[in-house]
>>> print(open('structure-v2.pdb').read())   # PDB, C-alpha atoms
MODEL        1
ATOM      1  CA  MET A   1      -2.856  -3.264  -0.560
ATOM      2  CA  GLU A   2      -5.677  -5.520   0.573
ATOM      3  CA  GLY A   3      -4.652  -8.308   2.922
ATOM      4  CA  LEU A   4      -1.110  -7.000   3.224
ATOM      5  CA  VAL A   5      -0.728  -3.430   4.460
ATOM      6  CA  ASP A   6      -3.275  -3.374   7.272
ATOM      7  CA  HIS A   7      -3.063  -1.125  10.321
ATOM      8  CA  ILE A   8      -0.633  -3.470  12.093
ATOM      9  CA  MET A   9       1.752  -3.452   9.153
ATOM     10  CA  ARG A  10       1.369   0.336   8.843
ATOM     11  CA  ASP A  11       2.200   0.700  12.526
ATOM     12  CA  MET A  12       5.371  -1.345  12.196
ATOM     13  CA  LEU A  13       6.596   0.215   8.964
ATOM     14  CA  THR A  14       6.069   3.770  10.185
ATOM     15  CA  GLN A  15       7.819   3.013  13.476
ATOM     16  CA  ILE A  16      10.820   1.854  11.468
ATOM     17  CA  GLY A  17      10.522   5.139   9.602
ATOM     18  CA  GLY A  18      11.120   7.092   6.434
ATOM     19  CA  ILE A  19       7.501   7.085   5.185
ATOM     20  CA  ASP A  20       5.715  10.332   4.326
ATOM     21  CA  GLU A  21       2.153   9.016   4.175
ATOM     22  CA  CYS A  22       0.196   5.752   4.239
ATOM     23  CA  VAL A  23      -2.891   4.712   2.289
ATOM     24  CA  THR A  24      -5.309   2.200   3.794
ATOM     25  CA  GLU A  25      -6.441  -1.038   2.248
ATOM     26  CA  PHE A  26      -9.452  -0.245   0.090
ATOM     27  CA  LEU A  27     -12.870   0.205   1.636
ATOM     28  CA  ARG A  28     -15.280  -1.611  -0.687
ATOM     29  CA  ILE A  29     -18.349   0.481  -1.525
ATOM     30  CA  THR A  30     -21.390  -1.205  -3.090
ATOM     31  CA  ASP A  31     -24.953   0.006  -2.560
ATOM     32  CA  GLN A  32     -25.081   1.346   0.961
ATOM     33  CA  LEU A  33     -23.675   3.857   3.399
ATOM     34  CA  LEU A  34     -21.265   1.869   5.519
ATOM     35  CA  PRO A  35     -21.416   2.197   9.305
ATOM     36  CA  VAL A  36     -18.647   4.029  11.116
ATOM     37  CA  LYS A  37     -17.403   0.769  12.644
ATOM     38  CA  VAL A  38     -16.518  -0.508   9.156
ATOM     39  CA  PHE A  39     -14.471   2.618   8.461
ATOM     40  CA  LYS A  40     -12.660   2.108  11.760
ATOM     41  CA  ARG A  41     -12.033  -1.568  11.061
ATOM     42  CA  ILE A  42     -10.154  -0.634   7.892
ATOM     43  CA  CYS A  43      -8.585   2.432   9.499
ATOM     44  CA  PRO A  44      -8.302   2.281  13.313
ATOM     45  CA  GLU A  45      -6.050   5.324  13.016
ATOM     46  CA  ILE A  46      -9.255   7.370  12.771
ATOM     47  CA  ASP A  47      -9.214   7.426  16.569
ATOM     48  CA  ASN A  48      -5.650   8.751  16.540
ATOM     49  CA  ALA A  49      -6.380  11.797  14.366
ATOM     50  CA  TRP A  50      -5.790   9.721  11.221
ATOM     51  CA  ARG A  51      -2.189   8.984  12.123
ATOM     52  CA  THR A  52      -0.277   5.833  12.928
ATOM     53  CA  PRO A  53       1.120   5.558  16.477
ATOM     54  CA  ALA A  54       4.392   6.876  15.035
ATOM     55  CA  GLY A  55       2.586   9.985  13.774
ATOM     56  CA  THR A  56       2.489   9.253  10.035
ATOM     57  CA  PRO A  57      -0.675  10.518   8.262
ATOM     58  CA  VAL A  58      -3.081   7.890   6.919
ATOM     59  CA  VAL A  59      -5.375   8.413   3.911
ATOM     60  CA  LEU A  60      -8.547   6.402   3.334
ATOM     61  CA  GLN A  61      -8.903   4.574   0.021
ATOM     62  CA  LEU A  62     -12.323   3.854  -1.500
ATOM     63  CA  LEU A  63     -13.155   1.286  -4.184
ATOM     64  CA  GLY A  64     -16.423   0.919  -6.054
ATOM     65  CA  SER A  65     -18.290   1.685  -9.262
ATOM     66  CA  ASP A  66     -21.439   3.488  -8.085
ATOM     67  CA  ALA A  67     -20.648   7.196  -8.110
ATOM     68  CA  ASP A  68     -23.538   8.142  -5.827
ATOM     69  CA  TRP A  69     -22.676   5.630  -3.107
ATOM     70  CA  MET A  70     -18.988   6.474  -3.407
ATOM     71  CA  ALA A  71     -19.944  10.099  -2.766
ATOM     72  CA  GLU A  72     -22.151   9.223   0.221
ATOM     73  CA  ASN A  73     -19.377   7.233   1.850
ATOM     74  CA  ALA A  74     -16.832   9.916   1.021
ATOM     75  CA  GLN A  75     -18.971  12.377   2.960
ATOM     76  CA  ARG A  76     -18.941  10.065   5.952
ATOM     77  CA  ALA A  77     -15.165   9.805   5.743
ATOM     78  CA  ALA A  78     -14.969  13.595   5.590
ATOM     79  CA  ARG A  79     -17.101  13.917   8.712
ATOM     80  CA  LEU A  80     -14.757  11.460  10.416
ATOM     81  CA  GLY A  81     -11.876  13.792   9.589
ATOM     82  CA  THR A  82      -9.961  12.080   6.790
ATOM     83  CA  PRO A  83      -7.070  14.287   5.612
ATOM     84  CA  ALA A  84      -7.595  13.101   2.014
ATOM     85  CA  LEU A  85      -9.464  10.505  -0.032
ATOM     86  CA  ASP A  86      -7.926   8.134  -2.543
ATOM     87  CA  ILE A  87      -9.917   6.198  -5.156
ATOM     88  CA  ASN A  88      -8.744   2.768  -6.290
ATOM     89  CA  PHE A  89      -8.860   2.152 -10.043
ATOM     90  CA  GLY A  90      -5.853  -0.164  -9.980
ATOM     91  CA  CYS A  91      -6.708  -3.354  -8.087
ATOM     92  CA  PRO A  92      -6.133  -6.328 -10.453
ATOM     93  CA  ALA A  93      -7.830  -9.000  -8.289
ATOM     94  CA  LYS A  94     -10.295 -11.089 -10.289
ATOM     95  CA  THR A  95     -12.893 -11.173  -7.514
ATOM     96  CA  VAL A  96     -12.812  -7.381  -7.258
ATOM     97  CA  ASN A  97     -12.912  -6.871 -11.027
ATOM     98  CA  ARG A  98     -15.857  -9.265 -11.426
ATOM     99  CA  HIS A  99     -17.890  -6.929  -9.233
ATOM    100  CA  ARG A 100     -16.867  -3.840 -11.242
ATOM    101  CA  GLY A 101     -14.251  -2.603  -8.861
ATOM    102  CA  GLY A 102     -10.630  -1.626  -9.376
ATOM    103  CA  ALA A 103      -8.801  -1.959 -12.687
ATOM    104  CA  VAL A 104     -11.792  -3.222 -14.689
ATOM    105  CA  LEU A 105     -13.071   0.366 -14.716
ATOM    106  CA  LEU A 106     -10.066   1.383 -16.812
ATOM    107  CA  GLU A 107     -12.153   0.262 -19.784
ATOM    108  CA  GLU A 108     -14.685   2.989 -18.918
ATOM    109  CA  PRO A 109     -13.121   6.485 -18.812
ATOM    110  CA  GLU A 110     -16.572   8.015 -18.393
ATOM    111  CA  THR A 111     -17.102   5.979 -15.208
ATOM    112  CA  LEU A 112     -13.766   7.130 -13.816
ATOM    113  CA  PHE A 113     -14.815  10.707 -14.471
ATOM    114  CA  ALA A 114     -18.238  10.242 -12.852
ATOM    115  CA  ILE A 115     -16.814   8.662  -9.698
ATOM    116  CA  VAL A 116     -14.042  11.201  -9.171
ATOM    117  CA  ARG A 117     -16.385  14.107  -9.914
ATOM    118  CA  ALA A 118     -19.032  12.794  -7.486
ATOM    119  CA  VAL A 119     -16.506  12.294  -4.685
ATOM    120  CA  ARG A 120     -14.865  15.670  -5.345
ATOM    121  CA  GLN A 121     -18.217  17.467  -5.150
ATOM    122  CA  ALA A 122     -19.262  15.547  -2.041
ATOM    123  CA  VAL A 123     -16.441  16.641   0.248
ATOM    124  CA  PRO A 124     -14.995  20.028   1.249
ATOM    125  CA  ASP A 125     -12.361  21.583  -0.997
ATOM    126  CA  SER A 126      -9.914  21.290   1.896
ATOM    127  CA  ILE A 127      -9.890  17.491   1.492
ATOM    128  CA  PRO A 128      -7.773  16.428  -1.507
ATOM    129  CA  VAL A 129      -9.240  13.711  -3.716
ATOM    130  CA  THR A 130      -6.635  11.526  -5.418
ATOM    131  CA  ALA A 131      -6.746   8.374  -7.517
ATOM    132  CA  LYS A 132      -4.629   5.363  -8.358
ATOM    133  CA  MET A 133      -4.756   3.542 -11.689
ATOM    134  CA  ARG A 134      -2.743   1.250 -13.933
ATOM    135  CA  LEU A 135      -1.529   1.731 -17.497
ATOM    136  CA  GLY A 136      -4.729   0.088 -18.659
ATOM    137  CA  TYR A 137      -6.773  -3.087 -18.481
ATOM    138  CA  LYS A 138      -5.741  -5.296 -21.420
ATOM    139  CA  ASP A 139      -3.518  -2.725 -23.105
ATOM    140  CA  ARG A 140      -2.489   0.933 -22.920
ATOM    141  CA  SER A 141      -4.893   2.319 -25.522
ATOM    142  CA  LEU A 142      -6.952   4.287 -22.965
ATOM    143  CA  LEU A 143      -4.055   5.388 -20.762
ATOM    144  CA  MET A 144      -4.131   9.075 -21.614
ATOM    145  CA  GLU A 145      -7.923   9.242 -21.807
ATOM    146  CA  ASN A 146      -8.255   7.654 -18.370
ATOM    147  CA  ALA A 147      -5.663   9.943 -16.822
ATOM    148  CA  LYS A 148      -7.257  13.062 -18.292
ATOM    149  CA  ALA A 149     -10.721  11.950 -17.182
ATOM    150  CA  ILE A 150      -9.471  11.651 -13.615
ATOM    151  CA  GLU A 151      -7.764  15.043 -13.752
ATOM    152  CA  GLU A 152     -10.711  16.829 -15.366
ATOM    153  CA  ALA A 153     -13.067  15.369 -12.767
ATOM    154  CA  GLY A 154     -11.158  17.182 -10.036
ATOM    155  CA  ALA A 155      -8.459  14.858  -8.713
ATOM    156  CA  SER A 156      -5.478  16.675  -7.243
ATOM    157  CA  GLN A 157      -2.991  13.815  -7.713
ATOM    158  CA  LEU A 158      -2.733  10.610  -9.737
ATOM    159  CA  VAL A 159      -0.701   7.521  -8.863
ATOM    160  CA  ILE A 160       0.064   5.248 -11.811
ATOM    161  CA  HIS A 161       1.124   1.630 -11.367
ATOM    162  CA  ALA A 162       3.347   0.964 -14.362
ATOM    163  CA  ARG A 163       1.636  -2.198 -15.616
ATOM    164  CA  THR A 164      -1.735  -3.160 -17.033
ATOM    165  CA  LYS A 165      -4.289  -5.214 -15.144
ATOM    166  CA  VAL A 166      -3.526  -8.228 -17.343
ATOM    167  CA  GLU A 167       0.186  -7.927 -16.539
ATOM    168  CA  GLY A 168      -0.657  -8.059 -12.834
ATOM    169  CA  TYR A 169       2.621  -7.973 -10.925
ATOM    170  CA  LYS A 170       4.692  -9.653 -13.627
ATOM    171  CA  PRO A 171       8.032  -7.881 -14.082
ATOM    172  CA  PRO A 172       9.099  -5.542 -15.394
ATOM    173  CA  ALA A 173       7.197  -2.407 -14.498
ATOM    174  CA  HIS A 174       7.139   0.041 -17.420
ATOM    175  CA  TRP A 175       8.070   3.251 -15.609
ATOM    176  CA  GLN A 176       8.912   5.040 -18.866
ATOM    177  CA  GLU A 177       5.259   4.845 -19.943
ATOM    178  CA  ILE A 178       4.264   7.116 -17.071
ATOM    179  CA  GLU A 179       6.402   9.977 -18.376
ATOM    180  CA  PRO A 180       4.166  11.060 -21.309
ATOM    181  CA  VAL A 181       1.174  11.144 -18.958
ATOM    182  CA  ARG A 182       3.087  13.253 -16.461
ATOM    183  CA  GLN A 183       3.916  15.723 -19.220
ATOM    184  CA  GLN A 184       0.277  16.023 -20.293
ATOM    185  CA  LEU A 185      -1.288  16.496 -16.851
ATOM    186  CA  ALA A 186      -1.225  19.613 -14.711
ATOM    187  CA  ILE A 187      -1.664  17.666 -11.466
ATOM    188  CA  PRO A 188       1.196  15.751  -9.792
ATOM    189  CA  VAL A 189       1.721  12.209 -11.048
ATOM    190  CA  VAL A 190       3.240   9.632  -8.699
ATOM    191  CA  ALA A 191       5.040   6.538 -10.027
ATOM    192  CA  ASN A 192       4.402   3.074  -8.606
ATOM    193  CA  GLY A 193       5.381  -0.513  -9.291
ATOM    194  CA  ASP A 194       8.376  -2.773  -8.597
ATOM    195  CA  VAL A 195      10.357  -0.324  -6.496
ATOM    196  CA  CYS A 196      12.233  -2.837  -4.361
ATOM    197  CA  THR A 197      15.664  -1.254  -3.933
ATOM    198  CA  VAL A 198      17.262   2.166  -3.670
ATOM    199  CA  GLU A 199      18.470   1.694  -7.233
ATOM    200  CA  ASP A 200      14.911   0.955  -8.370
ATOM    201  CA  TYR A 201      13.703   4.151  -6.734
ATOM    202  CA  HIS A 202      16.174   6.333  -8.602
ATOM    203  CA  ALA A 203      15.644   4.460 -11.880
ATOM    204  CA  CYS A 204      11.882   4.852 -11.518
ATOM    205  CA  ARG A 205      12.151   8.598 -10.939
ATOM    206  CA  LEU A 206      14.493   8.983 -13.894
ATOM    207  CA  ALA A 207      12.342   6.952 -16.300
ATOM    208  CA  SER A 208       9.004   8.420 -15.244
ATOM    209  CA  GLY A 209      10.112  11.965 -14.525
ATOM    210  CA  CYS A 210       8.055  11.827 -11.330
ATOM    211  CA  GLN A 211       9.199  13.573  -8.172
ATOM    212  CA  ASP A 212       7.314  11.191  -5.901
ATOM    213  CA  VAL A 213       7.118   7.406  -5.759
ATOM    214  CA  MET A 214       4.631   5.142  -4.008
ATOM    215  CA  ILE A 215       6.047   1.889  -2.643
ATOM    216  CA  GLY A 216       3.979  -1.134  -1.623
ATOM    217  CA  ARG A 217       5.286  -4.696  -1.667
ATOM    218  CA  GLY A 218       8.896  -3.548  -1.865
ATOM    219  CA  LEU A 219       8.623  -1.818   1.491
ATOM    220  CA  VAL A 220       6.897  -4.778   3.161
ATOM    221  CA  ALA A 221       9.708  -7.028   1.951
ATOM    222  CA  GLN A 222      12.365  -4.504   3.035
ATOM    223  CA  PRO A 223      10.985  -2.403   5.893
ATOM    224  CA  TRP A 224      14.152  -0.268   6.023
ATOM    225  CA  LEU A 225      13.900   0.687   2.344
ATOM    226  CA  ALA A 226      12.338   4.112   2.959
ATOM    227  CA  LEU A 227      15.164   5.021   5.345
ATOM    228  CA  GLN A 228      17.739   3.828   2.823
ATOM    229  CA  ILE A 229      16.109   5.954   0.119
ATOM    230  CA  ARG A 230      16.114   9.018   2.365
ATOM    231  CA  ALA A 231      19.793   8.492   3.109
ATOM    232  CA  SER A 232      20.587   8.226  -0.604
ATOM    233  CA  LEU A 233      18.817  11.521  -1.307
ATOM    234  CA  SER A 234      21.272  13.259   0.993
ATOM    235  CA  GLY A 235      24.269  11.518  -0.549
ATOM    236  CA  GLN A 236      24.631   8.965   2.208
ATOM    237  CA  GLU A 237      24.329   5.201   2.326
ATOM    238  CA  ARG A 238      22.429   3.211   4.912
ATOM    239  CA  ALA A 239      23.355  -0.451   5.230
ATOM    240  CA  ALA A 240      20.675  -3.091   4.841
ATOM    241  CA  PRO A 241      19.540  -4.496   8.195
ATOM    242  CA  VAL A 242      21.011  -7.700   9.551
ATOM    243  CA  LEU A 243      18.908 -10.529  10.964
ATOM    244  CA  THR A 244      19.400  -9.358  14.533
ATOM    245  CA  GLU A 245      17.689  -6.058  13.657
ATOM    246  CA  VAL A 246      14.749  -7.846  12.078
ATOM    247  CA  ALA A 247      14.254 -10.400  14.866
ATOM    248  CA  PRO A 248      12.626  -8.080  17.457
ATOM    249  CA  TRP A 249      10.147  -6.872  14.844
ATOM    250  CA  LEU A 250       9.229 -10.451  14.040
ATOM    251  CA  GLU A 251       8.150 -11.035  17.623
ATOM    252  CA  TRP A 252       6.455  -7.635  17.813
ATOM    253  CA  PHE A 253       4.484  -8.331  14.630
ATOM    254  CA  LEU A 254       3.313 -11.697  15.946
ATOM    255  CA  GLN A 255       2.263 -10.257  19.307
ATOM    256  CA  ARG A 256       0.330  -7.378  17.727
ATOM    257  CA  ASN A 257      -1.509  -9.752  15.423
ATOM    258  CA  GLN A 258      -2.334 -11.989  18.382
ATOM    259  CA  GLN A 259      -3.670  -9.009  20.325
ATOM    260  CA  LEU A 260      -5.700  -7.391  17.560
ATOM    261  CA  MET A 261      -7.109 -10.327  15.610
ATOM    262  CA  LEU A 262      -8.126 -13.913  16.334
ATOM    263  CA  SER A 263      -4.947 -15.672  17.478
ATOM    264  CA  LYS A 264      -5.494 -18.534  15.039
ATOM    265  CA  PHE A 265      -4.977 -16.108  12.141
ATOM    266  CA  ALA A 266      -1.768 -14.568  13.509
ATOM    267  CA  PRO A 267       0.622 -17.271  12.212
ATOM    268  CA  GLY A 268      -0.677 -16.807   8.663
ATOM    269  CA  ARG A 269       0.026 -13.078   8.723
ATOM    270  CA  VAL A 270       3.529 -13.642  10.096
ATOM    271  CA  LYS A 271       4.274 -16.354   7.520
ATOM    272  CA  GLN A 272       3.093 -14.059   4.738
ATOM    273  CA  TRP A 273       5.488 -11.349   5.875
ATOM    274  CA  LEU A 274       8.356 -13.785   6.470
ATOM    275  CA  LYS A 275       8.061 -15.164   2.958
ATOM    276  CA  MET A 276       8.403 -11.658   1.545
ATOM    277  CA  LEU A 277      11.278 -10.809   3.896
ATOM    278  CA  ALA A 278      13.156 -13.951   2.887
ATOM    279  CA  GLY A 279      13.069 -12.854  -0.738
ATOM    280  CA  ALA A 280      15.187  -9.859   0.217
ATOM    281  CA  MET A 281      17.159 -11.545   3.032
ATOM    282  CA  PRO A 282      18.367 -14.998   1.931
ATOM    283  CA  ASP A 283      19.891 -15.686   5.369
ATOM    284  CA  LEU A 284      16.371 -15.707   6.759
ATOM    285  CA  ARG A 285      15.207 -18.624   4.628
ATOM    286  CA  GLN A 286      16.253 -21.385   7.023
ATOM    287  CA  TRP A 287      14.163 -19.782   9.755
ATOM    288  CA  VAL A 288      11.223 -19.360   7.408
ATOM    289  CA  GLN A 289      11.302 -23.071   6.613
ATOM    290  CA  LEU A 290      11.307 -23.862  10.318
ATOM    291  CA  LEU A 291       8.272 -21.672  10.972
ATOM    292  CA  GLN A 292       6.239 -22.386   7.844
ATOM    293  CA  SER A 293       5.533 -25.988   8.829
ATOM    294  CA  GLU A 294       3.943 -25.101  12.181
ATOM    295  CA  ARG A 295       0.184 -24.525  12.145
ATOM    296  CA  ASP A 296      -0.709 -24.575  15.822
ATOM    297  CA  PRO A 297      -0.836 -20.940  17.044
ATOM    298  CA  GLU A 298       0.727 -21.632  20.446
ATOM    299  CA  ARG A 299       3.557 -23.777  19.107
ATOM    300  CA  PHE A 300       4.120 -21.254  16.324
ATOM    301  CA  ALA A 301       4.527 -18.476  18.891
ATOM    302  CA  GLU A 302       6.984 -20.632  20.830
ATOM    303  CA  ARG A 303       9.017 -21.227  17.692
ATOM    304  CA  VAL A 304       9.087 -17.528  16.860
ATOM    305  CA  HIS A 305      10.317 -16.726  20.362
ATOM    306  CA  ALA A 306      12.990 -19.423  20.082
ATOM    307  CA  VAL A 307      14.166 -18.053  16.733
ATOM    308  CA  VAL A 308      14.386 -14.527  18.134
ATOM    309  CA  GLN A 309      16.332 -15.748  21.166
ATOM    310  CA  GLU A 310      18.746 -17.725  19.001
ATOM    311  CA  LEU A 311      19.371 -14.785  16.699
ATOM    312  CA  SER A 312      19.954 -12.488  19.676
ATOM    313  CA  ALA A 313      22.380 -14.952  21.248
ATOM    314  CA  ALA A 314      24.265 -15.298  17.971
ATOM    315  CA  SER A 315      24.710 -11.529  17.745
ATOM    316  CA  GLN A 316      26.217 -11.387  21.231
ATOM    317  CA  THR A 317      28.857 -13.984  20.367
ATOM    318  CA  ASP A 318      29.832 -12.421  17.028
TER     319      ASP A 318
ENDMDL
END
>>> encode(input="structure-v2.pdb", output="structure tokens")
Amino acid sequence: MEGLVDHIMRDMLTQIGGIDECVTEFLRITDQLLPVKVFKRICPEIDNAWRTPAGTPVVLQLLGSDADWMAENAQRAARLGTPALDINFGCPAKTVNRHRGGAVLLEEPETLFAIVRAVRQAVPDSIPVTAKMRLGYKDRSLLMENAKAIEEAGASQLVIHARTKVEGYKPPAHWQEIEPVRQQLAIPVVANGDVCTVEDYHACRLASGCQDVMIGRGLVAQPWLALQIRASLSGQERAAPVLTEVAPWLEWFLQRNQQLMLSKFAPGRVKQWLKMLAGAMPDLRQWVQLLQSERDPERFAERVHAVVQELSAASQTD
């Protein structure tokens, strides 16, 4: 997810654990072969054999509408060693759609076919080519046609976000509408959308009939969710983390953002994550309010450290 699950977030989430595989933010392809440094900016894990520091595999995602340039850049990714390639037909962002990227292409099944076919033919058979889409653009009228176009073009897996582009992220996700597609396709179909709890995960699998589920925002908001899901699959229950477990990661996340990007941007990334965390952890909201008002990077870092220290001290007296 662009602007959310970057390599720093992937590092943290996979250290916490429970994740099988990560997909990068999309690499935007227009009318040129991008230099290697751009690939590595989106996916620094290239230099770690396409794995996060915790060892979780990372797959590169491409977004664009020109089949030939998508193929050229796919070849470069293959030469860099990508374990797989994913193609984004699901992004609902207006700026992306205006430039014929993401979900807007769901109105053009023939374009989906051309892009997937070009990428599939451009890379070795040993590299799986997958795709992600939504139920449709304005409605679901082309859902099956789009899915079959992607399969027939050579994709080996299809992720379906259970809403249309127009629905954006407005609840609910319509997991049950994935099930007829899954029945019609020979390739694996993965369900996606609004999986924010263990209960959501099981409900999504039941409604969609899918064995696998992709989680995005729900995992960022609850970084322990994948571990909780794994525990539930073995008949166990893993308690939700308390604030004292989250606190060290808050400081870690700030420090990594300070180290790997301009320090003035680090507070914004931390605030973005905190806002999502607070939605799942109401006890965190008072600390979020304290931190949200600070804009100076140095004072923000001081406040974060103070919050972490206070939470740690509170845990020792409990």
>>> closest_residue(input="structure-v2.pdb", among="A:Gln228, A:Gln176, A:Thr130, A:Ser208", to="Ile19 (chain A)", atoms="only C-alpha atoms")
A:Gln228
>>> closest_residue(input="structure-v2.pdb", among="A:Arg182, A:Lys275, A:Arg238, A:Arg303", to="Val220 (chain A)", atoms="only C-alpha atoms")
A:Lys275
>>> atom_distance(input="structure-v2.pdb", atom1="CA of His305 (chain A)", atom2="CA of Pro267 (chain A)")
12.7 Å
>>> resolve_selection(input="structure-v2.pdb", expression="the PyMOL selection byres ((chain A and resi 192) around 10)", output="MDAnalysis selection string")
chainID A and resid 132:134 159:163 173:175 178 189:191 193:195 201 204:205 208 210 212:216
>>> atom_distance(input="structure-v2.pdb", atom1="CA of Phe39 (chain A)", atom2="CA of Glu108 (chain A)")
27.4 Å
>>> residues_around(input="structure-v2.pdb", residues="region 4-14 of chain A", least_positions_apart="2", cutoff="10 Å", atoms="only C-alpha atoms", output="PDB file with C-alpha atoms, keeping the file's coordinate frame")
ATOM      1  CA  MET A   1      -2.856  -3.264  -0.560  1.00  0.00           C
ATOM      2  CA  GLU A   2      -5.677  -5.520   0.573  1.00  0.00           C
ATOM      3  CA  ILE A  16      10.820   1.854  11.468  1.00  0.00           C
ATOM      4  CA  GLY A  17      10.522   5.139   9.602  1.00  0.00           C
ATOM      5  CA  GLY A  18      11.120   7.092   6.434  1.00  0.00           C
ATOM      6  CA  ILE A  19       7.501   7.085   5.185  1.00  0.00           C
ATOM      7  CA  ASP A  20       5.715  10.332   4.326  1.00  0.00           C
ATOM      8  CA  GLU A  21       2.153   9.016   4.175  1.00  0.00           C
ATOM      9  CA  CYS A  22       0.196   5.752   4.239  1.00  0.00           C
ATOM     10  CA  VAL A  23      -2.891   4.712   2.289  1.00  0.00           C
ATOM     11  CA  THR A  24      -5.309   2.200   3.794  1.00  0.00           C
ATOM     12  CA  GLU A  25      -6.441  -1.038   2.248  1.00  0.00           C
ATOM     13  CA  PHE A  26      -9.452  -0.245   0.090  1.00  0.00           C
ATOM     14  CA  ARG A  41     -12.033  -1.568  11.061  1.00  0.00           C
ATOM     15  CA  ILE A  42     -10.154  -0.634   7.892  1.00  0.00           C
ATOM     16  CA  CYS A  43      -8.585   2.432   9.499  1.00  0.00           C
ATOM     17  CA  PRO A  44      -8.302   2.281  13.313  1.00  0.00           C
ATOM     18  CA  GLU A  45      -6.050   5.324  13.016  1.00  0.00           C
ATOM     19  CA  ARG A  51      -2.189   8.984  12.123  1.00  0.00           C
ATOM     20  CA  THR A  52      -0.277   5.833  12.928  1.00  0.00           C
ATOM     21  CA  PRO A  53       1.120   5.558  16.477  1.00  0.00           C
ATOM     22  CA  ALA A  54       4.392   6.876  15.035  1.00  0.00           C
ATOM     23  CA  GLY A  55       2.586   9.985  13.774  1.00  0.00           C
ATOM     24  CA  THR A  56       2.489   9.253  10.035  1.00  0.00           C
ATOM     25  CA  PRO A  57      -0.675  10.518   8.262  1.00  0.00           C
ATOM     26  CA  VAL A  58      -3.081   7.890   6.919  1.00  0.00           C
ATOM     27  CA  GLY A 216       3.979  -1.134  -1.623  1.00  0.00           C
ATOM     28  CA  ARG A 217       5.286  -4.696  -1.667  1.00  0.00           C
ATOM     29  CA  LEU A 219       8.623  -1.818   1.491  1.00  0.00           C
ATOM     30  CA  VAL A 220       6.897  -4.778   3.161  1.00  0.00           C
ATOM     31  CA  GLN A 222      12.365  -4.504   3.035  1.00  0.00           C
ATOM     32  CA  PRO A 223      10.985  -2.403   5.893  1.00  0.00           C
ATOM     33  CA  TRP A 224      14.152  -0.268   6.023  1.00  0.00           C
ATOM     34  CA  LEU A 225      13.900   0.687   2.344  1.00  0.00           C
ATOM     35  CA  ALA A 226      12.338   4.112   2.959  1.00  0.00           C
ATOM     36  CA  TRP A 249      10.147  -6.872  14.844  1.00  0.00           C
ATOM     37  CA  TRP A 252       6.455  -7.635  17.813  1.00  0.00           C
ATOM     38  CA  PHE A 253       4.484  -8.331  14.630  1.00  0.00           C
ATOM     39  CA  LEU A 254       3.313 -11.697  15.946  1.00  0.00           C
ATOM     40  CA  ARG A 256       0.330  -7.378  17.727  1.00  0.00           C
ATOM     41  CA  ASN A 257      -1.509  -9.752  15.423  1.00  0.00           C
ATOM     42  CA  LEU A 260      -5.700  -7.391  17.560  1.00  0.00           C
ATOM     43  CA  ARG A 269       0.026 -13.078   8.723  1.00  0.00           C
ATOM     44  CA  GLN A 272       3.093 -14.059   4.738  1.00  0.00           C
ATOM     45  CA  TRP A 273       5.488 -11.349   5.875  1.00  0.00           C
TER      46      TRP A 273
END
>>> residues_near_point(input="structure-v2.pdb", point="(5.3, -21.4, 13.2)", cutoff="12 Å", atoms="all atoms listed in the file", output="VMD selection string")
chain A and resid 250 to 251 254 264 to 272 274 287 to 307
>>> closest_residue(input="structure-v2.pdb", among="A:Ser234, A:Gln183, A:Thr30, A:Gln259", to="Trp69 (chain A)", atoms="only C-alpha atoms")
A:Thr30
>>> axis_aligned_box(input="structure-v2.pdb", around="region 269-284 of chain A", padding_each_side="3 Å", output="JSON")
{"center_x": 10.0, "center_y": -13.1, "center_z": 4.7, "size_x": 25.9, "size_y": 12.5, "size_z": 16.8}
